[in-house]
Structure formats: C-alpha cells, structure tokens
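Quick look at start.txt (compact mmCIF, N, CA and C atoms and all ligand atoms):
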# COMPACT_ATOMS: atom_id res chain seq x y z
N MET R 1 82.52 84.91 96.90
CA MET R 1 83.83 84.56 97.42
C MET R 1 84.03 85.16 98.81
N LYS R 2 84.58 84.39 99.69
CA LYS R 2 84.85 84.87 101.06
C LYS R 2 86.26 85.43 101.14
N ILE R 3 86.35 86.56 101.80
CA ILE R 3 87.67 87.17 101.97
C ILE R 3 88.30 86.67 103.25
N VAL R 4 89.30 85.85 103.11
CA VAL R 4 89.98 85.33 104.29
C VAL R 4 91.48 85.43 104.04
N ASN R 5 92.18 86.08 104.94
CA ASN R 5 93.63 86.18 104.80
C ASN R 5 94.28 84.86 105.23
N LYS R 6 95.58 84.80 105.03
CA LYS R 6 96.29 83.55 105.30
C LYS R 6 96.16 83.14 106.77
N ASN R 7 95.99 84.14 107.65
CA ASN R 7 95.84 83.80 109.06
C ASN R 7 94.38 83.44 109.40
N GLY R 8 93.52 83.39 108.38
CA GLY R 8 92.16 82.96 108.60
C GLY R 8 91.20 84.05 109.02
N ARG R 9 91.68 85.29 109.14
CA ARG R 9 90.80 86.37 109.56
C ARG R 9 90.45 87.27 108.38
N LYS R 10 89.23 87.80 108.38
CA LYS R 10 88.85 88.75 107.36
C LYS R 10 89.57 90.07 107.61
N PRO R 11 89.97 90.78 106.55
CA PRO R 11 90.56 92.11 106.78
C PRO R 11 89.50 93.03 107.41
N ASN R 12 89.98 93.97 108.19
CA ASN R 12 89.07 94.88 108.86
C ASN R 12 88.51 95.89 107.86
N LEU R 13 87.41 95.53 107.20
CA LEU R 13 86.87 96.33 106.11
C LEU R 13 86.46 97.73 106.57
N ALA R 14 85.84 97.81 107.74
CA ALA R 14 85.38 99.12 108.22
C ALA R 14 86.55 100.08 108.36
N ARG R 15 87.67 99.55 108.83
CA ARG R 15 88.84 100.41 109.03
C ARG R 15 89.44 100.83 107.69
N TYR R 16 89.53 99.88 106.74
CA TYR R 16 90.08 100.21 105.42
C TYR R 16 89.16 101.21 104.71
N ARG R 17 87.84 101.02 104.89
CA ARG R 17 86.91 101.94 104.25
C ARG R 17 87.14 103.37 104.75
N LYS R 18 87.36 103.48 106.06
CA LYS R 18 87.61 104.79 106.66
C LYS R 18 88.88 105.41 106.08
N VAL R 19 89.94 104.61 106.01
CA VAL R 19 91.22 105.09 105.49
C VAL R 19 91.05 105.55 104.04
N LEU R 20 90.31 104.74 103.24
CA LEU R 20 90.13 105.04 101.82
C LEU R 20 89.28 106.31 101.62
N GLU R 21 88.24 106.43 102.44
CA GLU R 21 87.39 107.61 102.32
C GLU R 21 88.15 108.88 102.68
N ALA R 22 89.01 108.78 103.70
CA ALA R 22 89.84 109.92 104.10
C ALA R 22 90.80 110.29 102.97
N LYS R 23 91.35 109.26 102.31
CA LYS R 23 92.31 109.49 101.22
C LYS R 23 91.60 110.16 100.04
N ALA R 24 90.40 109.67 99.70
CA ALA R 24 89.64 110.25 98.59
C ALA R 24 89.36 111.73 98.87
N GLU R 25 89.00 112.02 100.09
CA GLU R 25 88.70 113.40 100.49
C GLU R 25 89.95 114.27 100.35
N GLU R 26 91.07 113.72 100.78
CA GLU R 26 92.34 114.45 100.72
C GLU R 26 92.72 114.77 99.27
N VAL R 27 92.55 113.78 98.39
CA VAL R 27 92.90 113.99 96.98
C VAL R 27 91.96 115.02 96.36
N ARG R 28 90.66 114.91 96.66
CA ARG R 28 89.70 115.88 96.11
C ARG R 28 90.04 117.29 96.54
N ARG R 29 90.39 117.44 97.81
CA ARG R 29 90.75 118.77 98.32
C ARG R 29 91.97 119.30 97.61
N SER R 30 92.97 118.43 97.45
CA SER R 30 94.21 118.84 96.80
C SER R 30 93.94 119.24 95.35
N MET R 31 93.02 118.52 94.69
CA MET R 31 92.72 118.82 93.29
C MET R 31 92.01 120.15 93.15
N SER R 32 91.06 120.46 94.02
CA SER R 32 90.35 121.73 93.89
C SER R 32 91.26 122.89 94.26
N ALA R 33 92.19 122.65 95.19
CA ALA R 33 93.16 123.70 95.53
C ALA R 33 94.03 124.01 94.33
N GLN R 34 94.44 122.94 93.60
CA GLN R 34 95.27 123.16 92.41
C GLN R 34 94.49 123.88 91.33
N LYS R 35 93.22 123.53 91.19
CA LYS R 35 92.39 124.17 90.18
C LYS R 35 92.30 125.67 90.46
N ALA R 36 92.08 126.01 91.72
CA ALA R 36 91.99 127.42 92.12
C ALA R 36 93.31 128.12 91.82
N ALA R 37 94.43 127.47 92.12
CA ALA R 37 95.74 128.07 91.88
C ALA R 37 95.95 128.30 90.39
N GLN R 38 95.44 127.36 89.57
CA GLN R 38 95.62 127.49 88.13
C GLN R 38 94.81 128.68 87.59
N VAL R 39 93.59 128.86 88.08
CA VAL R 39 92.76 129.98 87.64
C VAL R 39 93.46 131.30 87.96
N VAL R 40 94.03 131.39 89.16
CA VAL R 40 94.75 132.60 89.55
C VAL R 40 95.94 132.81 88.62
N ALA R 41 96.67 131.72 88.31
CA ALA R 41 97.84 131.84 87.45
C ALA R 41 97.47 132.36 86.06
N ARG R 42 96.30 131.95 85.57
CA ARG R 42 95.87 132.36 84.23
C ARG R 42 95.53 133.85 84.17
N LEU R 43 95.22 134.45 85.31
CA LEU R 43 94.88 135.87 85.34
C LEU R 43 96.13 136.73 85.14
N ASP R 44 97.28 136.16 85.47
CA ASP R 44 98.53 136.89 85.28
C ASP R 44 98.95 136.82 83.82
N VAL R 45 98.83 137.94 83.11
CA VAL R 45 99.24 137.95 81.71
C VAL R 45 100.76 138.08 81.66
N PRO R 46 101.42 137.12 81.01
CA PRO R 46 102.88 137.19 80.95
C PRO R 46 103.35 138.43 80.20
N SER R 47 104.39 139.10 80.72
CA SER R 47 104.85 140.35 80.12
C SER R 47 105.93 140.13 79.07
N ASP R 48 106.65 139.02 79.14
CA ASP R 48 107.65 138.75 78.09
C ASP R 48 107.83 137.24 77.89
N GLU R 49 108.69 136.89 76.99
CA GLU R 49 108.90 135.48 76.64
C GLU R 49 109.29 134.62 77.84
N GLY R 50 110.15 135.16 78.70
CA GLY R 50 110.63 134.40 79.86
C GLY R 50 109.47 133.99 80.75
N ASP R 51 108.58 134.95 81.03
CA ASP R 51 107.42 134.64 81.86
C ASP R 51 106.54 133.60 81.20
N LEU R 52 106.42 133.73 79.88
CA LEU R 52 105.55 132.82 79.15
C LEU R 52 106.01 131.37 79.30
N SER R 53 107.30 131.14 79.12
CA SER R 53 107.77 129.75 79.21
C SER R 53 107.67 129.27 80.65
N GLN R 54 107.87 130.18 81.59
CA GLN R 54 107.70 129.81 83.01
C GLN R 54 106.26 129.37 83.26
N GLN R 55 105.32 130.11 82.67
CA GLN R 55 103.92 129.76 82.86
C GLN R 55 103.61 128.41 82.23
N HIS R 56 104.15 128.17 81.05
CA HIS R 56 103.93 126.88 80.42
C HIS R 56 104.46 125.75 81.28
N HIS R 57 105.62 126.00 81.88
CA HIS R 57 106.24 125.01 82.73
C HIS R 57 105.32 124.71 83.92
N GLU R 58 104.77 125.76 84.52
CA GLU R 58 103.88 125.57 85.67
C GLU R 58 102.61 124.84 85.27
N GLU R 59 102.10 125.15 84.09
CA GLU R 59 100.89 124.46 83.62
C GLU R 59 101.17 122.98 83.41
N TRP R 60 102.37 122.71 82.88
CA TRP R 60 102.74 121.31 82.66
C TRP R 60 102.79 120.57 83.98
N ILE R 61 103.40 121.20 84.99
CA ILE R 61 103.47 120.56 86.31
C ILE R 61 102.07 120.34 86.85
N PHE R 62 101.21 121.35 86.68
CA PHE R 62 99.84 121.24 87.17
C PHE R 62 99.13 120.06 86.51
N LEU R 63 99.20 119.98 85.19
CA LEU R 63 98.51 118.92 84.45
C LEU R 63 99.03 117.55 84.87
N ASN R 64 100.33 117.48 85.00
CA ASN R 64 100.98 116.24 85.38
C ASN R 64 100.51 115.78 86.75
N ARG R 65 100.52 116.70 87.71
CA ARG R 65 100.13 116.37 89.07
C ARG R 65 98.65 116.02 89.12
N ASN R 66 97.87 116.77 88.33
CA ASN R 66 96.43 116.54 88.31
C ASN R 66 96.11 115.14 87.79
N THR R 67 96.85 114.70 86.78
CA THR R 67 96.64 113.37 86.22
C THR R 67 96.94 112.30 87.26
N ILE R 68 98.01 112.51 88.02
CA ILE R 68 98.37 111.56 89.06
C ILE R 68 97.26 111.52 90.12
N ASP R 69 96.74 112.70 90.50
CA ASP R 69 95.66 112.76 91.49
C ASP R 69 94.41 112.07 90.97
N MET R 70 94.07 112.30 89.68
CA MET R 70 92.90 111.66 89.09
C MET R 70 93.02 110.16 89.17
N LYS R 71 94.22 109.68 88.85
CA LYS R 71 94.48 108.24 88.87
C LYS R 71 94.32 107.68 90.26
N LEU R 72 94.89 108.39 91.23
CA LEU R 72 94.83 107.93 92.62
C LEU R 72 93.38 107.92 93.09
N LEU R 73 92.63 108.98 92.73
CA LEU R 73 91.24 109.05 93.15
C LEU R 73 90.46 107.88 92.57
N ARG R 74 90.75 107.55 91.33
CA ARG R 74 90.12 106.42 90.67
C ARG R 74 90.43 105.10 91.38
N GLU R 75 91.73 104.95 91.74
CA GLU R 75 92.15 103.73 92.46
C GLU R 75 91.41 103.62 93.78
N VAL R 76 91.32 104.75 94.49
CA VAL R 76 90.69 104.75 95.81
C VAL R 76 89.20 104.45 95.68
N SER R 77 88.52 105.07 94.69
CA SER R 77 87.08 104.80 94.53
C SER R 77 86.84 103.35 94.14
N ASP R 78 87.72 102.82 93.29
CA ASP R 78 87.58 101.41 92.91
C ASP R 78 87.71 100.50 94.13
N ALA R 79 88.66 100.84 95.01
CA ALA R 79 88.85 100.03 96.22
C ALA R 79 87.60 100.09 97.09
N LEU R 80 86.99 101.29 97.19
CA LEU R 80 85.76 101.42 97.97
C LEU R 80 84.64 100.59 97.35
N LEU R 81 84.59 100.56 96.03
CA LEU R 81 83.59 99.73 95.33
C LEU R 81 83.81 98.26 95.66
N ARG R 82 85.09 97.85 95.70
CA ARG R 82 85.39 96.44 95.99
C ARG R 82 84.97 96.08 97.41
N ILE R 83 85.11 97.05 98.34
CA ILE R 83 84.63 96.80 99.70
C ILE R 83 83.12 96.55 99.65
N GLY R 84 82.41 97.38 98.87
CA GLY R 84 80.96 97.25 98.74
C GLY R 84 80.55 95.92 98.13
N HIS R 85 81.39 95.40 97.22
CA HIS R 85 81.08 94.15 96.53
C HIS R 85 81.69 92.93 97.23
N ASP R 86 82.23 93.15 98.44
CA ASP R 86 82.82 92.08 99.21
C ASP R 86 83.96 91.39 98.45
N HIS R 87 84.72 92.20 97.70
CA HIS R 87 85.83 91.63 96.95
C HIS R 87 87.11 92.38 97.27
N TYR R 88 87.13 93.03 98.42
CA TYR R 88 88.29 93.83 98.80
C TYR R 88 89.42 92.94 99.31
N GLY R 89 90.65 93.31 98.97
CA GLY R 89 91.80 92.57 99.47
C GLY R 89 92.10 91.31 98.69
N ILE R 90 91.44 91.18 97.50
CA ILE R 90 91.69 90.02 96.64
C ILE R 90 92.39 90.53 95.38
N CYS R 91 93.49 89.89 95.01
CA CYS R 91 94.23 90.30 93.83
C CYS R 91 93.36 90.13 92.58
N LEU R 92 93.29 91.19 91.75
CA LEU R 92 92.45 91.13 90.55
C LEU R 92 93.08 90.26 89.47
N GLU R 93 94.35 89.94 89.65
CA GLU R 93 95.05 89.17 88.63
C GLU R 93 95.00 87.67 88.93
N CYS R 94 95.32 87.28 90.17
CA CYS R 94 95.44 85.86 90.49
C CYS R 94 94.40 85.37 91.49
N ASP R 95 93.51 86.30 91.98
CA ASP R 95 92.43 85.91 92.90
C ASP R 95 92.91 85.46 94.28
N GLU R 96 94.17 85.69 94.57
CA GLU R 96 94.70 85.33 95.89
C GLU R 96 94.53 86.53 96.82
N PRO R 97 94.40 86.29 98.13
CA PRO R 97 94.30 87.42 99.07
C PRO R 97 95.57 88.26 99.04
N ILE R 98 95.38 89.59 99.09
CA ILE R 98 96.53 90.50 99.18
C ILE R 98 96.93 90.56 100.66
N SER R 99 98.23 90.52 100.93
CA SER R 99 98.69 90.45 102.32
C SER R 99 98.26 91.70 103.09
N ALA R 100 97.98 91.53 104.37
CA ALA R 100 97.56 92.63 105.23
C ALA R 100 98.63 93.71 105.26
N LYS R 101 99.89 93.29 105.19
CA LYS R 101 101.00 94.22 105.23
C LYS R 101 100.94 95.17 104.02
N ARG R 102 100.61 94.59 102.85
CA ARG R 102 100.53 95.39 101.64
C ARG R 102 99.32 96.33 101.70
N LEU R 103 98.19 95.82 102.18
CA LEU R 103 96.99 96.66 102.29
C LEU R 103 97.21 97.79 103.28
N GLU R 104 98.02 97.51 104.28
CA GLU R 104 98.36 98.52 105.27
C GLU R 104 99.12 99.66 104.60
N ALA R 105 100.06 99.30 103.71
CA ALA R 105 100.89 100.29 103.03
C ALA R 105 100.12 100.96 101.89
N VAL R 106 99.37 100.17 101.12
CA VAL R 106 98.62 100.68 99.97
C VAL R 106 97.19 100.15 100.06
N PRO R 107 96.31 100.84 100.79
CA PRO R 107 94.95 100.30 101.02
C PRO R 107 94.14 100.13 99.73
N TRP R 108 94.54 100.84 98.64
CA TRP R 108 93.80 100.73 97.38
C TRP R 108 94.48 99.76 96.42
N ALA R 109 95.41 98.93 96.94
CA ALA R 109 96.14 97.99 96.08
C ALA R 109 95.16 97.06 95.36
N ARG R 110 95.38 96.89 94.05
CA ARG R 110 94.51 96.01 93.27
C ARG R 110 95.14 94.63 93.11
N TYR R 111 96.47 94.59 93.25
CA TYR R 111 97.18 93.33 93.00
C TYR R 111 98.04 92.94 94.19
N CYS R 112 98.30 91.66 94.32
CA CYS R 112 99.25 91.21 95.31
C CYS R 112 100.66 91.62 94.88
N VAL R 113 101.62 91.50 95.77
CA VAL R 113 102.98 91.97 95.47
C VAL R 113 103.53 91.27 94.23
N THR R 114 103.33 89.97 94.13
CA THR R 114 103.85 89.19 93.00
C THR R 114 103.30 89.72 91.68
N CYS R 115 101.97 89.88 91.59
CA CYS R 115 101.36 90.34 90.35
C CYS R 115 101.75 91.79 90.06
N GLN R 116 101.80 92.62 91.11
CA GLN R 116 102.18 94.02 90.93
C GLN R 116 103.55 94.12 90.30
N GLU R 117 104.48 93.28 90.78
CA GLU R 117 105.84 93.31 90.26
C GLU R 117 105.87 92.85 88.80
N ARG R 118 105.04 91.83 88.51
CA ARG R 118 104.98 91.34 87.13
C ARG R 118 104.42 92.43 86.21
N ILE R 119 103.38 93.13 86.67
CA ILE R 119 102.77 94.18 85.87
C ILE R 119 103.75 95.34 85.68
N ALA R 120 104.46 95.69 86.77
CA ALA R 120 105.45 96.76 86.68
C ALA R 120 106.53 96.41 85.66
N ALA R 121 106.93 95.14 85.64
CA ALA R 121 107.94 94.69 84.68
C ALA R 121 107.40 94.81 83.26
N ARG R 122 106.10 94.50 83.07
CA ARG R 122 105.49 94.60 81.74
C ARG R 122 105.44 96.05 81.28
N ILE R 123 105.14 96.97 82.22
CA ILE R 123 105.12 98.40 81.88
C ILE R 123 106.53 98.84 81.51
N ALA R 124 107.52 98.37 82.29
CA ALA R 124 108.91 98.73 82.02
C ALA R 124 109.34 98.23 80.65
N ASP R 125 108.75 97.12 80.21
CA ASP R 125 109.08 96.56 78.90
C ASP R 125 108.39 97.32 77.77
N GLY R 126 107.53 98.27 78.13
CA GLY R 126 106.87 99.08 77.12
C GLY R 126 105.48 98.59 76.75
N GLU R 127 105.05 97.53 77.41
CA GLU R 127 103.70 97.03 77.15
C GLU R 127 102.71 97.89 77.93
N VAL R 128 101.73 98.45 77.24
CA VAL R 128 100.80 99.36 77.92
C VAL R 128 99.70 98.54 78.61
N VAL R 129 99.65 98.61 79.93
CA VAL R 129 98.60 97.91 80.66
C VAL R 129 97.83 98.87 81.57
N ASP R 130 98.12 100.17 81.41
CA ASP R 130 97.45 101.15 82.27
C ASP R 130 96.04 101.42 81.74
N GLN R 131 95.06 100.86 82.44
CA GLN R 131 93.69 101.00 81.95
C GLN R 131 93.09 102.36 82.29
N TYR R 132 93.83 103.18 83.04
CA TYR R 132 93.27 104.47 83.45
C TYR R 132 93.88 105.63 82.68
N GLN R 133 94.51 105.36 81.56
CA GLN R 133 95.20 106.46 80.90
C GLN R 133 94.24 107.50 80.32
N ASP R 134 92.97 107.17 80.17
CA ASP R 134 92.00 108.13 79.66
C ASP R 134 91.17 108.77 80.78
N ALA R 135 91.59 108.52 82.03
CA ALA R 135 90.78 108.92 83.18
C ALA R 135 90.56 110.44 83.24
N ASP R 136 91.46 111.22 82.66
CA ASP R 136 91.33 112.68 82.81
C ASP R 136 90.49 113.28 81.69
N ARG R 137 89.88 112.47 80.84
CA ARG R 137 89.07 113.06 79.76
C ARG R 137 87.62 113.13 80.15
ZN ZN R 201 98.18 88.32 92.40

Take the structure in the file and write it out as structure tokens.
Amino acid sequence: MKIVNKNGRKPNLARYRKVLEAKAEEVRRSMSAQKAAQVVARLDVPSDEGDLSQQHHEEWIFLNRNTIDMKLLREVSDALLRIGHDHYGICLECDEPISAKRLEAVPWARYCVTCQERIAARIADGEVVDQYQDADR
C-alpha cells in the first residue's frame, strides 16, 4: 500500500521517525529516573502508620505513571515499526490516511480522528478495547 495524504504527498517519514525516536528516548529516561526514585523510597523504613500510608500512596502514583509510560513507549515503538513496514500514517481501523495535522499533534496515532473518537466512545461505554493492558507484565 502506498502512503499518500489527501494532498497527494507522502508524509515526511524521516522527520516523524526522528520525532518518535526522541519521544521513545524521553520516555525511557523518565522511566529509569522513576525506577531509581522508587528504589531510594524503599530504603526509607516508615516509622509510623502515617508514613506507611504516605509511602503506599507514592507507590501507587509511581505504578500508575509507570503504566502510562509503558503504554506510551509501546505506542511509539509500534509507530516506528509501522514506518519500517511502510504503513505509517494509515488508520489501523479504516485504512484511510491519518491527517497530517493529527500526526503532527500525535505522531504515534494509530487511528484517524473519526475512528479514535468511535473507539473512545466504546471505552466510555465500558467495552474493553485496550489491547495493551498487559503491557506492564
Ligand atoms: Zn479510521
């Protein structure tokens, strides 16, 4: 399949690849920084109940943020794979080109705006469509 936007031009893959690689690097750095912070936090033995619940709260925030980073890293690596397979900028749902404006805002976008909104509505309805929910295992 040829990647051609509505204006007839191919998206600038080299530029998107650069943006995606920079993003992946940024997420990896942020994740290892958090890991280091967590190790330091574990060395502090809580002295009473108040500290303990505070620590649990911080661990929860860490895990939560880490899951989001894992997901983002996965999205970014998938986008880089799609560049390699010459399938970048094509909606995975409807096979239509994703607008340059959307790729500019979200370079790792998997879906066009229309499909993304439909999927978001399905998630809001409680239908589970998140294929990356096991990514942190
Ligand atoms: Zn679509």

Selection within 6 Å of ligand ZN 201 (chain R) by all atoms listed in the file, output as a VMD selection string: chain R and resid 91 to 96 111 to 116

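Taking atom C of R:Gly89 and atom C of R:Lys101 as the two end points, the separation is 11.0 Å.
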
For stretch 28-36 of chain R, find every residue with an atom within 7 Å (counting all atoms listed in the file), except residues of its own chain fewer than 6 positions away, and show them as a PyMOL selection string. chain R and resi 66+69+73

Would you kindly return, as a CSV table (one decimal) with N, CA and C atoms, in the coordinates of the input, each protein, DNA or RNA residue with an atom no farther than 12 Å from any atom of R:Ala22, considering only C-alpha atoms and excluding same-chain residues fewer than 5 positions away?
chain,number,residue,atom,x,y,z
R,15,ARG,N,87.7,99.6,108.8
R,15,ARG,CA,88.8,100.4,109.0
R,15,ARG,C,89.4,100.8,107.7
R,16,TYR,N,89.5,99.9,106.7
R,16,TYR,CA,90.1,100.2,105.4
R,16,TYR,C,89.2,101.2,104.7
R,17,ARG,N,87.8,101.0,104.9
R,17,ARG,CA,86.9,101.9,104.2
R,17,ARG,C,87.1,103.4,104.8
R,27,VAL,N,92.6,113.8,98.4
R,27,VAL,CA,92.9,114.0,97.0
R,27,VAL,C,92.0,115.0,96.4
R,28,ARG,N,90.7,114.9,96.7
R,28,ARG,CA,89.7,115.9,96.1
R,28,ARG,C,90.0,117.3,96.5
R,29,ARG,N,90.4,117.4,97.8
R,29,ARG,CA,90.8,118.8,98.3
R,29,ARG,C,92.0,119.3,97.6
R,73,LEU,N,92.6,109.0,92.7
R,73,LEU,CA,91.2,109.0,93.2
R,73,LEU,C,90.5,107.9,92.6
R,76,VAL,N,91.3,104.8,94.5
R,76,VAL,CA,90.7,104.8,95.8
R,76,VAL,C,89.2,104.4,95.7
R,77,SER,N,88.5,105.1,94.7
R,77,SER,CA,87.1,104.8,94.5
R,77,SER,C,86.8,103.4,94.1
R,80,LEU,N,87.0,101.3,97.2
R,80,LEU,CA,85.8,101.4,98.0
R,80,LEU,C,84.6,100.6,97.4
R,107,PRO,N,96.3,100.8,100.8
R,107,PRO,CA,95.0,100.3,101.0
R,107,PRO,C,94.1,100.1,99.7

Which of stretch 51-118 of chain R DSSP labels alpha helix (DSSP H), written as a PyMOL selection string: chain R and resi 51-84+100-105+113-118

To one decimal place, how far is atom CA of R:Leu52 from atom N of R:Thr67 in Å?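 These two atoms are separated by 21.5 Å.
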
Take atom N of R:Met70 and atom N of R:Lys23 and report the distance between them in Å, one decimal.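 These atoms are spaced 13.3 Å apart.
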